Amino acid sequence: MKIGIGSDHGGFELKEFIKKEFEGETVEFVDYGTKSTDSVDYPDFGKAVGQAVVAGEVDKGIVICGTGIGISIATNKVKGTRCALCNDLYSAKMSREHNDANVLAMGARVIGSGVASEIVKIFLEEEFAGGRHSKRVQKINEI
Ligand code: RB5
């Protein structure tokens with residue numbers, strides 16, 4: 001699975017941690033930046049990851065900023081993205097099962113690396129449940 005990943009300076013360290021944790025036989029990351037803890041603007045990285053997902057360059061995306069709020073808002077401006085801000089395990093599971101989220105956002109100043117790692121695992125493994133949720137996701141796509 002190819003995963004596009006991006007963060008601002010607030011999410012840089014967690015982004016690097018997630019890459020190290022998950023890069024392997026089944027997961028390949030494409031890193032859309034940022035490349036250091038120097039101050040940058042989170043919309044640039046949400047846009048880049050969102051566009052990569054919609055273009056099919058990657059299968060799913062992960063975006064990280066301090067809270068996860070700004071970068072999730074920015075990512076969702078790219079038509080075709082369903083970016084879910086998940087700072088807990090239950091939300092991560094539901095974002096896949098009910099919302100077919102194609103981008104995960106997290107807040108590096110809100111959760112620790114252990115919880116973030118569990119959230120990513122769930123986001124990568126859980127499947128969309130379909131059924132009654134399909135028409136709701138379809139309605140999102142049509143907005
Ligand atoms: C940057 O200081 C911070 O505003 C950003 O990482 C994020 O939390 C915005 O939503």
# chains A, B, ... in the order shown; residues from 1 in each chain; ligands from 1

$ residues_around --residues "Lys35 of chain A" --least-positions-apart "6" --cutoff "9 Å" --atoms "only C-alpha atoms" --output "PDB file with N, CA, C and O atoms, in the first residue's frame"
ATOM      1  N   SER A   7       3.151  16.926   6.770  1.00  0.00           N
ATOM      2  CA  SER A   7       2.935  17.628   8.044  1.00  0.00           C
ATOM      3  C   SER A   7       3.476  19.043   7.937  1.00  0.00           C
ATOM      4  O   SER A   7       4.239  19.359   7.017  1.00  0.00           O
ATOM      5  N   ASP A   8       3.097  19.865   8.920  1.00  0.00           N
ATOM      6  CA  ASP A   8       3.802  21.139   9.105  1.00  0.00           C
ATOM      7  C   ASP A   8       4.905  20.905  10.142  1.00  0.00           C
ATOM      8  O   ASP A   8       5.178  19.757  10.536  1.00  0.00           O
ATOM      9  N   HIS A   9       5.514  21.993  10.616  1.00  0.00           N
ATOM     10  CA  HIS A   9       6.599  21.872  11.597  1.00  0.00           C
ATOM     11  C   HIS A   9       6.112  21.226  12.899  1.00  0.00           C
ATOM     12  O   HIS A   9       6.847  20.470  13.530  1.00  0.00           O
ATOM     13  N   PHE A  12       6.104  17.493  12.318  1.00  0.00           N
ATOM     14  CA  PHE A  12       7.275  16.906  11.650  1.00  0.00           C
ATOM     15  C   PHE A  12       7.830  15.677  12.385  1.00  0.00           C
ATOM     16  O   PHE A  12       8.058  14.630  11.779  1.00  0.00           O
TER      17      PHE A  12
END

$ residues_around --residues "Cys86 of chain A" --least-positions-apart "2" --cutoff "7 Å" --atoms "only C-alpha atoms" --output "ChimeraX atom specification"
/A:84,88,91-92,104-106

$ closest_residue --among "A:Val137, A:Val58, A:Ile64, A:Ile122" --to "Phe45 of chain A" --atoms "only C-alpha atoms"
A:Ile64

$ residues_around --residues "Asn99 of chain A" --least-positions-apart "6" --cutoff "10 Å" --atoms "only C-alpha atoms" --output "ChimeraX atom specification"
/A:82-84,93,128-130,133-134,136-138,140

$ residues_around --residues "Ile73 of chain A" --least-positions-apart "3" --cutoff "10 Å" --atoms "only C-alpha atoms" --output "list of chain:residue names"
A:Tyr42, A:Pro43, A:Gly46, A:Lys47, A:Gly68, A:Ile69, A:Gly70, A:Asn76, A:Lys77, A:Val78, A:Cys83, A:Ala84, A:Leu85, A:Ala105

$ write_last_selection --atoms "N, CA, C and O atoms" --output "short mmCIF file (atom, residue, chain, number, x, y, z; two decimals), in the first residue's frame"
data_model
loop_
_atom_site.label_atom_id
_atom_site.label_comp_id
_atom_site.auth_asym_id
_atom_site.auth_seq_id
_atom_site.Cartn_x
_atom_site.Cartn_y
_atom_site.Cartn_z
N TYR A 42 0.66 24.96 7.28
CA TYR A 42 0.03 23.63 7.13
C TYR A 42 -0.85 23.45 5.89
O TYR A 42 -0.92 22.34 5.35
N PRO A 43 -1.52 24.51 5.34
CA PRO A 43 -2.36 24.25 4.16
C PRO A 43 -1.57 23.69 2.97
O PRO A 43 -2.11 22.90 2.18
N GLY A 46 -1.38 19.85 3.50
CA GLY A 46 -2.69 19.20 3.38
C GLY A 46 -3.11 19.14 1.92
O GLY A 46 -3.60 18.11 1.43
N LYS A 47 -2.87 20.24 1.21
CA LYS A 47 -3.20 20.31 -0.22
C LYS A 47 -2.41 19.27 -1.01
O LYS A 47 -2.97 18.54 -1.84
N GLY A 68 -3.98 18.94 14.40
CA GLY A 68 -4.65 18.16 13.36
C GLY A 68 -5.80 18.92 12.73
O GLY A 68 -6.35 18.51 11.70
N ILE A 69 -6.19 20.03 13.34
CA ILE A 69 -7.38 20.77 12.88
C ILE A 69 -7.10 21.50 11.57
O ILE A 69 -7.80 21.30 10.57
N GLY A 70 -6.08 22.34 11.57
CA GLY A 70 -5.80 23.14 10.38
C GLY A 70 -5.53 22.30 9.15
O GLY A 70 -6.07 22.54 8.06
N ASN A 76 -9.45 18.74 3.35
CA ASN A 76 -10.83 18.53 2.91
C ASN A 76 -11.30 19.53 1.86
O ASN A 76 -12.35 19.34 1.25
N LYS A 77 -10.51 20.58 1.61
CA LYS A 77 -10.84 21.51 0.52
C LYS A 77 -10.54 20.90 -0.85
O LYS A 77 -11.01 21.39 -1.87
N VAL A 78 -9.76 19.84 -0.87
CA VAL A 78 -9.45 19.16 -2.14
C VAL A 78 -10.59 18.19 -2.43
O VAL A 78 -10.82 17.24 -1.68
N CYS A 83 -11.09 13.52 4.64
CA CYS A 83 -10.04 13.56 5.65
C CYS A 83 -10.67 13.58 7.05
O CYS A 83 -11.48 14.45 7.35
N ALA A 84 -10.30 12.62 7.88
CA ALA A 84 -10.87 12.50 9.22
C ALA A 84 -9.81 12.80 10.27
O ALA A 84 -8.74 12.19 10.27
N LEU A 85 -10.12 13.76 11.13
CA LEU A 85 -9.23 14.07 12.26
C LEU A 85 -9.51 13.08 13.38
O LEU A 85 -10.60 13.07 13.96
N ALA A 105 -6.00 12.53 9.63
CA ALA A 105 -5.29 13.67 10.24
C ALA A 105 -5.12 13.40 11.73
O ALA A 105 -6.01 12.84 12.38
#
